[in-house]
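Source file start.csv; content: CSV, C-alpha atoms.
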```
chain,number,residue,atom,x,y,z
M,1,MET,CA,-16.1,-23.6,-92.1
M,2,THR,CA,-18.0,-25.1,-95.0
M,3,ILE,CA,-21.2,-23.2,-94.3
M,4,LYS,CA,-19.3,-19.9,-93.8
M,5,LEU,CA,-17.7,-20.4,-97.2
M,6,PHE,CA,-21.1,-20.6,-98.9
M,7,ARG,CA,-23.0,-18.2,-96.6
M,8,ASP,CA,-22.9,-15.2,-99.0
M,9,LEU,CA,-24.1,-17.2,-102.1
M,10,ASN,CA,-27.6,-17.5,-103.3
M,11,ASN,CA,-29.6,-20.6,-102.2
M,12,ASN,CA,-29.3,-22.5,-105.5
M,13,ALA,CA,-25.5,-22.1,-105.6
M,14,ARG,CA,-25.2,-23.0,-101.9
M,15,VAL,CA,-27.2,-26.2,-102.1
M,16,SER,CA,-25.6,-27.2,-105.4
M,17,LEU,CA,-22.1,-26.7,-104.1
M,18,LEU,CA,-22.7,-28.5,-100.8
M,19,LEU,CA,-24.0,-31.6,-102.8
M,20,LEU,CA,-21.5,-31.4,-105.6
M,21,PRO,CA,-18.9,-33.6,-103.9
M,22,VAL,CA,-21.3,-36.6,-104.2
M,23,TRP,CA,-21.0,-36.4,-108.0
M,24,SER,CA,-17.3,-35.3,-108.0
M,25,VAL,CA,-16.0,-38.0,-105.8
M,26,PHE,CA,-17.2,-40.9,-108.0
M,27,TRP,CA,-16.8,-39.2,-111.4
M,28,GLY,CA,-13.3,-37.9,-110.5
M,29,LEU,CA,-12.1,-41.3,-109.5
M,30,VAL,CA,-13.5,-43.3,-112.4
M,31,TYR,CA,-12.6,-40.6,-115.0
M,32,PHE,CA,-9.0,-40.6,-114.0
M,33,TYR,CA,-8.7,-44.4,-114.4
M,34,SER,CA,-11.2,-44.7,-117.3
M,35,PRO,CA,-8.5,-44.9,-120.1
M,36,LEU,CA,-6.7,-47.7,-118.2
M,37,TYR,CA,-10.1,-49.4,-117.5
M,38,MET,CA,-10.8,-49.4,-121.3
M,39,ARG,CA,-7.3,-50.7,-122.0
M,40,SER,CA,-7.8,-53.5,-119.5
M,41,LEU,CA,-11.0,-54.5,-121.3
M,42,GLY,CA,-9.3,-54.8,-124.7
M,43,LEU,CA,-9.6,-51.3,-126.2
M,44,ASN,CA,-6.6,-49.8,-128.0
M,45,GLU,CA,-5.6,-46.2,-128.4
M,46,VAL,CA,-7.7,-45.7,-131.6
M,47,ASP,CA,-10.7,-47.4,-129.9
M,48,ILE,CA,-10.5,-45.0,-127.0
M,49,GLY,CA,-10.3,-42.1,-129.4
M,50,ILE,CA,-13.4,-43.4,-131.3
M,51,VAL,CA,-15.4,-43.7,-128.1
M,52,SER,CA,-14.5,-40.1,-127.2
M,53,THR,CA,-15.3,-38.8,-130.7
M,54,VAL,CA,-18.7,-40.6,-130.8
M,55,ASN,CA,-19.5,-39.1,-127.4
M,56,LEU,CA,-18.7,-35.6,-128.6
M,57,ALA,CA,-20.6,-36.1,-131.9
M,58,PHE,CA,-23.8,-36.9,-129.9
M,59,ALA,CA,-23.0,-34.2,-127.4
M,60,PHE,CA,-23.1,-31.7,-130.3
M,61,LEU,CA,-26.6,-32.8,-131.2
M,62,CYS,CA,-27.6,-32.5,-127.6
M,63,HIS,CA,-26.2,-28.9,-127.5
M,64,LEU,CA,-28.5,-28.0,-130.4
M,65,VAL,CA,-31.5,-28.5,-128.1
M,66,ALA,CA,-29.9,-27.7,-124.7
M,67,SER,CA,-30.8,-24.0,-124.6
M,68,PRO,CA,-34.3,-24.4,-126.1
M,69,VAL,CA,-35.1,-27.2,-123.7
M,70,THR,CA,-33.7,-25.3,-120.7
M,71,ASN,CA,-35.7,-22.2,-121.6
M,72,LYS,CA,-38.9,-24.2,-122.3
M,73,ILE,CA,-39.1,-26.4,-119.2
M,74,GLY,CA,-36.9,-24.4,-116.9
M,75,ARG,CA,-33.5,-24.7,-115.3
M,76,LYS,CA,-34.6,-26.8,-112.3
M,77,LYS,CA,-36.6,-29.4,-114.3
M,78,ALA,CA,-34.0,-29.7,-117.1
M,79,SER,CA,-31.3,-30.3,-114.5
M,80,ILE,CA,-33.1,-33.1,-112.6
M,81,ILE,CA,-34.3,-35.0,-115.7
M,82,PHE,CA,-31.2,-34.9,-117.8
M,83,ASP,CA,-28.6,-35.2,-115.0
M,84,THR,CA,-30.3,-38.4,-113.9
M,85,LEU,CA,-30.5,-39.8,-117.5
M,86,SER,CA,-27.0,-38.7,-118.5
M,87,TRP,CA,-25.1,-39.8,-115.4
M,88,THR,CA,-26.9,-42.6,-113.5
M,89,VAL,CA,-27.6,-44.7,-116.6
M,90,PRO,CA,-24.2,-44.6,-118.2
M,91,MET,CA,-22.4,-45.1,-114.9
M,92,LEU,CA,-24.3,-48.4,-114.5
M,93,ILE,CA,-23.5,-49.4,-118.1
M,94,TRP,CA,-19.8,-48.7,-117.5
M,95,ALA,CA,-20.0,-50.8,-114.4
M,96,PHE,CA,-20.9,-53.9,-116.6
M,97,SER,CA,-18.9,-53.0,-119.7
M,98,GLN,CA,-17.3,-55.9,-121.6
M,99,ASN,CA,-16.1,-54.3,-124.9
M,100,ILE,CA,-16.1,-51.2,-127.0
M,101,TRP,CA,-19.9,-51.5,-127.7
M,102,PHE,CA,-20.7,-50.9,-124.1
M,103,PHE,CA,-18.6,-47.8,-124.0
M,104,LEU,CA,-20.1,-46.5,-127.2
M,105,VAL,CA,-23.7,-46.9,-125.9
M,106,ALA,CA,-22.7,-45.3,-122.5
M,107,GLY,CA,-21.0,-42.5,-124.3
M,108,VAL,CA,-24.1,-41.8,-126.4
M,109,VAL,CA,-26.3,-41.7,-123.3
M,110,ASN,CA,-23.8,-39.6,-121.4
M,111,ALA,CA,-23.8,-37.0,-124.2
M,112,MET,CA,-27.1,-35.8,-122.8
M,113,CYS,CA,-25.2,-34.3,-119.9
M,114,LYS,CA,-24.7,-31.2,-122.2
M,115,ILE,CA,-28.3,-30.2,-121.5
M,116,PRO,CA,-27.9,-30.0,-117.7
M,117,LEU,CA,-24.5,-28.4,-118.2
M,118,ILE,CA,-26.5,-25.4,-119.5
M,119,SER,CA,-29.4,-25.6,-117.1
M,120,TRP,CA,-27.3,-26.1,-114.0
M,121,ASN,CA,-24.9,-23.3,-114.8
M,122,CYS,CA,-27.8,-21.0,-115.2
M,123,LEU,CA,-29.5,-22.3,-112.0
M,124,ILE,CA,-26.5,-21.4,-109.8
M,125,THR,CA,-25.5,-18.0,-111.4
M,126,GLU,CA,-28.7,-16.2,-112.6
M,127,ASP,CA,-29.8,-15.1,-109.1
M,128,GLU,CA,-26.3,-14.3,-108.0
M,129,HIS,CA,-24.5,-10.9,-107.9
M,130,ARG,CA,-21.9,-10.6,-110.7
M,131,GLU,CA,-19.0,-10.2,-108.3
M,132,LYS,CA,-19.8,-13.5,-106.6
M,133,VAL,CA,-19.8,-15.6,-109.9
M,134,PRO,CA,-15.9,-16.0,-110.0
M,135,LYS,CA,-16.1,-17.4,-106.4
M,136,ILE,CA,-18.8,-20.0,-107.5
M,137,TYR,CA,-16.7,-21.3,-110.3
M,138,THR,CA,-13.5,-21.3,-108.2
M,139,VAL,CA,-15.3,-23.4,-105.6
M,140,ILE,CA,-16.6,-25.8,-108.2
M,141,THR,CA,-13.2,-26.3,-109.7
M,142,LEU,CA,-11.7,-26.7,-106.2
M,143,ILE,CA,-14.3,-29.4,-105.2
M,144,ASN,CA,-13.8,-31.3,-108.5
M,145,SER,CA,-10.1,-31.3,-108.2
M,146,GLY,CA,-10.1,-31.7,-104.4
M,147,ILE,CA,-11.7,-35.1,-104.7
M,148,GLY,CA,-8.3,-36.3,-105.8
M,149,VAL,CA,-7.3,-36.8,-102.2
M,150,PHE,CA,-9.2,-40.1,-102.4
M,151,ALA,CA,-7.2,-41.4,-105.4
M,152,PRO,CA,-4.6,-43.2,-103.3
M,153,ILE,CA,-7.4,-45.2,-101.7
M,154,THR,CA,-8.5,-46.3,-105.2
M,155,GLY,CA,-4.9,-47.1,-106.0
M,156,PHE,CA,-4.7,-49.3,-103.0
M,157,PHE,CA,-7.8,-51.3,-104.1
M,158,ILE,CA,-6.5,-51.5,-107.6
M,159,ALA,CA,-3.2,-52.9,-106.3
M,160,LYS,CA,-5.0,-55.4,-104.2
M,161,PHE,CA,-8.0,-56.5,-106.4
M,162,GLY,CA,-7.0,-55.4,-109.9
M,163,LEU,CA,-8.2,-52.5,-112.0
M,164,VAL,CA,-11.4,-53.9,-113.5
M,165,ASN,CA,-12.6,-55.5,-110.2
M,166,SER,CA,-12.0,-52.2,-108.4
M,167,MET,CA,-13.6,-50.0,-111.1
M,168,ARG,CA,-16.8,-51.9,-111.5
M,169,PRO,CA,-18.1,-51.3,-107.9
M,170,LEU,CA,-17.0,-47.6,-108.2
M,171,TYR,CA,-19.1,-47.1,-111.3
M,172,ALA,CA,-22.2,-48.9,-109.8
M,173,ILE,CA,-22.1,-47.2,-106.4
M,174,GLY,CA,-21.4,-43.9,-108.1
M,175,GLY,CA,-24.4,-44.1,-110.4
M,176,ILE,CA,-26.8,-44.8,-107.5
M,177,SER,CA,-25.2,-42.1,-105.3
M,178,MET,CA,-25.5,-39.5,-108.1
M,179,ALA,CA,-29.2,-40.3,-108.6
M,180,ALA,CA,-29.8,-39.8,-104.8
M,181,MET,CA,-27.9,-36.5,-105.0
M,182,PHE,CA,-29.8,-35.2,-108.0
M,183,PHE,CA,-33.2,-35.8,-106.3
M,184,ALA,CA,-31.9,-34.2,-103.0
M,185,ARG,CA,-30.7,-31.1,-104.8
M,186,ASN,CA,-34.0,-30.8,-106.7
M,187,ALA,CA,-35.9,-30.8,-103.5
M,188,PHE,CA,-34.0,-27.7,-102.2
M,189,VAL,CA,-33.4,-25.5,-105.3
M,190,THR,CA,-35.9,-23.1,-106.9
M,191,GLU,CA,-36.4,-21.9,-110.4
M,192,THR,CA,-34.5,-18.7,-111.1
M,193,GLU,CA,-36.3,-15.4,-111.9
M,194,ALA,CA,-34.7,-15.4,-115.4
M,195,GLY,CA,-35.8,-19.0,-115.8
M,196,LYS,CA,-39.4,-18.2,-114.9
M,197,LYS,CA,-39.4,-15.4,-117.5
M,198,MET,CA,-37.9,-17.7,-120.2
M,199,ILE,CA,-40.5,-20.4,-119.5
M,200,ALA,CA,-43.3,-17.8,-120.0
M,201,ASP,CA,-41.7,-16.5,-123.1
M,202,HIS,CA,-41.3,-19.9,-124.7
M,203,ASP,CA,-44.8,-21.2,-123.7
M,204,GLY,CA,-46.6,-22.4,-126.8
M,205,ILE,CA,-43.5,-22.1,-129.1
M,206,PRO,CA,-42.8,-25.4,-130.8
M,207,MET,CA,-39.4,-27.0,-130.0
M,208,ARG,CA,-38.6,-27.0,-133.7
M,209,LYS,CA,-39.0,-23.3,-133.9
M,210,SER,CA,-37.0,-22.7,-130.7
M,211,VAL,CA,-34.1,-24.8,-132.2
M,212,GLY,CA,-34.3,-22.9,-135.4
M,213,ASN,CA,-34.2,-19.5,-133.7
M,214,TYR,CA,-31.3,-20.8,-131.5
M,215,LEU,CA,-29.3,-21.8,-134.6
M,216,LYS,CA,-29.8,-18.5,-136.2
M,217,MET,CA,-28.6,-16.8,-133.1
M,218,VAL,CA,-25.5,-19.1,-132.9
M,219,PHE,CA,-24.5,-18.6,-136.5
M,220,GLY,CA,-24.9,-14.8,-136.2
M,221,LEU,CA,-22.5,-14.6,-133.3
M,222,TYR,CA,-19.4,-14.3,-135.6
M,223,ARG,CA,-20.1,-10.5,-135.5
M,224,ASN,CA,-19.5,-10.5,-131.7
M,225,LYS,CA,-15.8,-10.2,-131.4
M,226,GLY,CA,-15.8,-10.8,-127.6
M,227,PHE,CA,-17.8,-13.9,-128.0
M,228,VAL,CA,-15.5,-15.2,-130.8
M,229,LEU,CA,-12.4,-14.7,-128.7
M,230,LEU,CA,-13.9,-16.5,-125.6
M,231,ALA,CA,-15.2,-19.3,-127.9
M,232,VAL,CA,-11.7,-19.8,-129.2
M,233,ILE,CA,-10.5,-20.3,-125.5
M,234,PHE,CA,-13.3,-22.7,-124.8
M,235,ILE,CA,-12.6,-24.7,-128.0
M,236,ALA,CA,-8.8,-24.9,-127.4
M,237,THR,CA,-9.1,-25.9,-123.7
M,238,ASN,CA,-11.8,-28.5,-124.5
M,239,PHE,CA,-9.7,-30.0,-127.3
M,240,ILE,CA,-6.8,-30.1,-124.8
M,241,ALA,CA,-8.9,-31.9,-122.2
M,242,THR,CA,-9.8,-34.6,-124.6
M,243,LEU,CA,-6.1,-35.0,-125.7
M,244,ASN,CA,-5.0,-35.2,-122.1
M,245,VAL,CA,-7.0,-38.4,-121.6
M,246,PHE,CA,-3.9,-40.0,-123.0
M,247,GLN,CA,-1.7,-38.6,-120.2
M,248,VAL,CA,-2.2,-41.5,-117.8
M,249,ILE,CA,-1.5,-44.0,-120.6
M,250,PHE,CA,1.6,-42.1,-121.5
M,251,LEU,CA,2.9,-42.1,-117.9
M,252,THR,CA,2.1,-45.8,-117.3
M,253,GLU,CA,3.0,-47.3,-120.7
M,254,HIS,CA,5.6,-45.0,-122.2
M,255,LEU,CA,7.3,-43.7,-119.0
M,256,THR,CA,6.7,-47.0,-117.1
M,257,TYR,CA,5.3,-45.4,-113.9
M,258,GLU,CA,3.4,-47.9,-111.7
M,259,ARG,CA,-0.4,-47.5,-111.3
M,260,THR,CA,-0.1,-47.1,-107.6
M,261,LYS,CA,2.3,-44.2,-108.1
M,262,ILE,CA,0.0,-42.7,-110.7
M,263,SER,CA,-2.8,-42.6,-108.1
M,264,LEU,CA,-0.7,-40.0,-106.2
M,265,ILE,CA,-1.3,-37.4,-109.0
M,266,PRO,CA,-4.9,-36.5,-108.2
M,267,PHE,CA,-3.9,-36.3,-104.5
M,268,ILE,CA,-1.0,-34.0,-105.0
M,269,VAL,CA,-3.0,-31.8,-107.4
M,270,ALA,CA,-5.9,-31.6,-104.9
M,271,VAL,CA,-3.6,-30.5,-102.1
M,272,ALA,CA,-1.9,-27.9,-104.3
M,273,ASN,CA,-5.3,-26.6,-105.5
M,274,VAL,CA,-6.5,-26.2,-101.9
M,275,ALA,CA,-3.3,-24.2,-101.2
M,276,ILE,CA,-3.9,-22.1,-104.3
M,277,PHE,CA,-7.5,-21.5,-103.2
M,278,ILE,CA,-6.5,-20.4,-99.7
M,279,PHE,CA,-3.4,-18.3,-100.5
M,280,ALA,CA,-3.7,-17.2,-104.1
M,281,VAL,CA,-7.3,-16.8,-105.0
M,282,PRO,CA,-8.0,-14.0,-102.5
M,283,ARG,CA,-5.2,-12.0,-104.1
M,284,LEU,CA,-6.3,-12.9,-107.6
M,285,SER,CA,-9.9,-11.7,-106.9
M,286,LYS,CA,-8.5,-8.2,-106.7
M,287,LYS,CA,-7.2,-8.5,-110.3
M,288,LYS,CA,-9.2,-8.1,-113.4
M,289,PRO,CA,-10.6,-11.6,-114.3
M,290,GLU,CA,-9.6,-11.3,-118.0
M,291,THR,CA,-6.0,-10.5,-116.9
M,292,VAL,CA,-5.9,-13.6,-114.7
M,293,LEU,CA,-7.3,-15.7,-117.5
M,294,CYS,CA,-4.6,-14.5,-119.8
M,295,ALA,CA,-1.8,-15.1,-117.3
M,296,PHE,CA,-2.8,-18.6,-116.5
M,297,ALA,CA,-3.2,-19.5,-120.1
M,298,LEU,CA,0.5,-18.8,-120.3
M,299,CYS,CA,1.2,-20.8,-117.2
M,300,ASN,CA,-0.6,-23.8,-118.8
M,301,LEU,CA,1.5,-23.5,-121.9
M,302,ALA,CA,4.7,-23.7,-119.7
M,303,SER,CA,3.4,-26.7,-117.8
M,304,SER,CA,2.4,-28.5,-121.0
M,305,ILE,CA,6.0,-28.1,-122.3
M,306,LEU,CA,7.3,-29.4,-119.0
M,307,PHE,CA,5.1,-32.5,-119.3
M,308,LEU,CA,7.1,-33.6,-122.3
M,309,ALA,CA,10.3,-33.3,-120.3
M,310,ILE,CA,9.2,-35.7,-117.5
M,311,PRO,CA,11.9,-38.3,-117.1
M,312,GLU,CA,11.3,-42.0,-116.6
M,313,LYS,CA,10.9,-43.3,-113.0
M,314,ASN,CA,11.6,-39.9,-111.4
M,315,LEU,CA,8.5,-39.7,-109.1
M,316,ILE,CA,9.4,-36.3,-107.6
M,317,VAL,CA,9.8,-34.5,-110.9
M,318,MET,CA,6.7,-36.2,-112.4
M,319,LEU,CA,4.5,-35.2,-109.4
M,320,ALA,CA,5.9,-31.6,-109.4
M,321,VAL,CA,5.1,-31.2,-113.1
M,322,MET,CA,1.6,-32.7,-112.7
M,323,ALA,CA,0.9,-30.4,-109.7
M,324,ALA,CA,2.0,-27.3,-111.7
M,325,ASN,CA,-0.2,-28.5,-114.5
M,326,GLY,CA,-3.2,-29.0,-112.2
M,327,MET,CA,-2.8,-25.7,-110.4
M,328,SER,CA,-2.6,-23.6,-113.5
M,329,ASN,CA,-5.5,-25.5,-115.1
M,330,PHE,CA,-7.5,-24.9,-111.9
M,331,ILE,CA,-7.3,-21.2,-112.2
M,332,LEU,CA,-7.7,-21.1,-116.0
M,333,LEU,CA,-10.9,-23.1,-116.0
M,334,SER,CA,-12.4,-21.2,-113.0
M,335,TYR,CA,-11.8,-17.9,-114.7
M,336,ARG,CA,-12.8,-19.1,-118.2
M,337,GLU,CA,-16.3,-19.8,-116.9
M,338,SER,CA,-16.7,-16.7,-114.8
M,339,VAL,CA,-15.3,-14.3,-117.4
M,340,PHE,CA,-17.7,-15.7,-120.0
M,341,MET,CA,-20.8,-15.7,-117.8
M,342,ASN,CA,-20.2,-12.1,-116.6
M,343,ALA,CA,-19.8,-11.0,-120.2
M,344,GLN,CA,-23.4,-12.0,-121.0
M,345,GLY,CA,-26.7,-10.2,-120.4
M,346,GLU,CA,-28.8,-11.4,-117.5
M,347,HIS,CA,-31.4,-13.1,-119.7
M,348,GLU,CA,-28.9,-14.3,-122.3
M,349,LYS,CA,-26.8,-16.6,-120.2
M,350,ALA,CA,-28.6,-19.9,-121.3
M,351,ASP,CA,-28.5,-19.1,-125.0
M,352,MET,CA,-24.9,-17.7,-125.0
M,353,TYR,CA,-23.4,-20.4,-122.8
M,354,SER,CA,-25.2,-23.1,-124.8
M,355,ALA,CA,-23.9,-21.4,-128.0
M,356,VAL,CA,-20.3,-21.5,-126.9
M,357,GLN,CA,-20.6,-25.1,-125.7
M,358,THR,CA,-22.2,-26.0,-129.0
M,359,LEU,CA,-19.2,-24.6,-130.9
M,360,THR,CA,-16.8,-26.1,-128.5
M,361,ILE,CA,-18.2,-29.6,-129.0
M,362,LEU,CA,-18.5,-29.2,-132.7
M,363,PHE,CA,-14.8,-28.3,-133.1
M,364,GLY,CA,-13.9,-30.9,-130.5
M,365,ILE,CA,-15.5,-33.9,-132.2
M,366,PRO,CA,-12.3,-35.1,-133.9
M,367,ALA,CA,-10.1,-34.6,-130.9
M,368,GLY,CA,-10.4,-38.1,-129.4
M,369,TYR,CA,-9.9,-39.9,-132.7
M,370,LEU,CA,-7.0,-37.6,-133.7
M,371,GLY,CA,-5.4,-38.1,-130.3
M,372,GLY,CA,-5.6,-41.8,-130.7
M,373,ILE,CA,-4.0,-41.6,-134.2
M,374,LEU,CA,-1.3,-39.3,-133.0
M,375,TYR,CA,-0.5,-41.4,-129.9
M,376,LYS,CA,-0.2,-44.5,-132.0
M,377,ALA,CA,2.2,-42.7,-134.3
M,378,ASN,CA,4.3,-41.3,-131.5
M,379,PRO,CA,3.2,-41.0,-127.8
M,380,ALA,CA,4.6,-37.5,-127.6
M,381,PHE,CA,2.5,-36.1,-130.6
M,382,PRO,CA,-0.8,-35.5,-128.7
M,383,PHE,CA,1.0,-33.4,-126.1
M,384,ILE,CA,2.9,-31.3,-128.7
M,385,LEU,CA,-0.5,-30.4,-130.1
M,386,VAL,CA,-1.6,-29.5,-126.6
M,387,SER,CA,1.2,-27.0,-126.3
M,388,MET,CA,0.2,-25.5,-129.7
M,389,LEU,CA,-3.4,-25.2,-128.5
M,390,TYR,CA,-2.3,-23.4,-125.4
M,391,ILE,CA,-0.5,-20.8,-127.5
M,392,ILE,CA,-3.8,-20.2,-129.3
M,393,ALA,CA,-5.7,-20.0,-126.0
M,394,PHE,CA,-3.1,-17.4,-124.7
M,395,ALA,CA,-3.4,-15.3,-127.8
M,396,ALA,CA,-7.2,-15.3,-127.6
M,397,SER,CA,-7.2,-14.4,-123.9
M,398,PHE,CA,-4.7,-11.6,-124.5
M,399,ALA,CA,-6.8,-10.2,-127.3
M,400,PHE,CA,-10.0,-10.4,-125.2
M,401,SER,CA,-8.2,-8.6,-122.3
M,402,ARG,CA,-7.3,-5.8,-124.7
M,403,LEU,CA,-10.8,-5.7,-126.0
M,404,VAL,CA,-12.3,-5.3,-122.5
M,405,ARG,CA,-9.7,-2.6,-121.7
M,406,ALA,CA,-10.6,-0.7,-124.9
M,407,GLU,CA,-14.4,-0.9,-124.1
M,408,THR,CA,-13.8,0.3,-120.5
M,409,ILE,CA,-11.9,3.3,-121.8
M,410,LYS,CA,-14.7,4.2,-124.2
M,411,ARG,CA,-17.2,4.1,-121.4
```
Taking this structure as input, can you express it in the form of structure tokens?
Amino acid sequence: MTIKLFRDLNNNARVSLLLLPVWSVFWGLVYFYSPLYMRSLGLNEVDIGIVSTVNLAFAFLCHLVASPVTNKIGRKKASIIFDTLSWTVPMLIWAFSQNIWFFLVAGVVNAMCKIPLISWNCLITEDEHREKVPKIYTVITLINSGIGVFAPITGFFIAKFGLVNSMRPLYAIGGISMAAMFFARNAFVTETEAGKKMIADHDGIPMRKSVGNYLKMVFGLYRNKGFVLLAVIFIATNFIATLNVFQVIFLTEHLTYERTKISLIPFIVAVANVAIFIFAVPRLSKKKPETVLCAFALCNLASSILFLAIPEKNLIVMLAVMAANGMSNFILLSYRESVFMNAQGEHEKADMYSAVQTLTILFGIPAGYLGGILYKANPAFPFILVSMLYIIAFAASFAFSRLVRAETIKR
């Protein structure tokens, strides 16, 4: 079944997707509980926000060199080097964290993951047919969310051994497992044709000049209306993802849900997303991708409003709302990536994807700190801002859909 699902994909995508669960299972589990882990080690809401903001600030700096590095040394080499540095090292630091300084150092190192974010996305899509790209990103999102089926197991260990004692081994084992996966993947993937061309084109060009040329390209993109609209969607949804870190704190501390019940959220979302993938995605694939993106931006807006209406200690309602939130976000993120990648030229993917990520991180730097301040003032404030940002994302996706329709008519 698994092999059949990936049979029609290129080798790089097939290998990467088959090995992705090794990364997803550990990161998915620790990420979900990371706000509570930080709280248990003495960090308050503002501290958590500062950690997130510092991570994003350094991520912005890494994005400035992500595309030049990817083009100079290649997609394959950039992925193995910076995936290992940015995930294995911080996972081990998190495993032994004692206070905010450990989290700040780990966040700075983890910021380098923005380099393989560019190289890996190019590695899996550049040798693929355009019509297969939405499937790649849908499967990625499905894998990352599907790992939630293991969350109740984590909840069991947390209930038995405590949050900190359960999280430390997860971080440590996760870091080692990720390293093994990165090296296994590197053994089976090959450099893309576009990657080979970019390596040749950038041979002998100093990194400083490459970064300078890259920055000129980024700041000249304001003339590209389609890019600007897609960038707005990326910026809004990334800001939302940072603010939603406070969801688990809101549910446990404000609405008083027990941690063991909270662990059911990733499980329910995973099951719902599998159902969406089986029954809805085949039908959605027949629709225009930009139309699907627009529709699910609206669905996310509705689910964000419902989140604020969750009552205390009503497990069924809470899980239903979180499932709806997860399903709509599953489709939105899948189509956000595929719409963007398909809108770029074959040899422009690294530069353009890096550009949109650079702008996304730049505008997202204050999100963590702002979220902490808002939560401290009123636990509902961060999620009111989330709803406002979904309105912006919907407006941008609607405008992009109309732009694509107008360009199609012209042709």
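Every protein or nucleic acid residue with an atom no more than 12 Å from Ile143 of chain M, counting all atoms listed in the file and leaving out same-chain residues fewer than 5 positions away, appears here: Thr2, Ser16, Leu17, Leu18, Leu19, Leu20, Pro21, Val22, Trp23, Ser24, Val25, Trp27, Gly28, Ile136, Tyr137, Thr138, Gly148, Val149, Val269, Ala270, Val271, Asn273, Val274, Phe277, Phe330 and Ser334 of chain M.
Counting from atom CA of Pro35 of chain M, the distance to atom CA of Val248 of chain M is 7.5 Å.
Residue nearest Tyr353 of chain M, chosen from M:Ala406, M:Met341, M:Met388, M:Leu370 and counting only C-alpha atoms: M:Met341.
Take the candidates M:Leu389, M:Gly371, M:Thr84, M:Met198 and check each one against Met181 of chain M using all atoms listed in the file; the shortest distance goes to M:Thr84.
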Query - Residue contacts of Val228 of chain M (10 Å, all atoms listed in the file) excluding same-chain residues fewer than 5 positions away, as number ranges by chain - result: M: 221-223, 233-234, 356, 396, 400
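Proximity to Ala111 of chain M was assessed for M:Thr53, M:Ser397, M:Ser328, M:Asn10 counting all atoms listed in the file; the smallest distance is recorded for M:Thr53.
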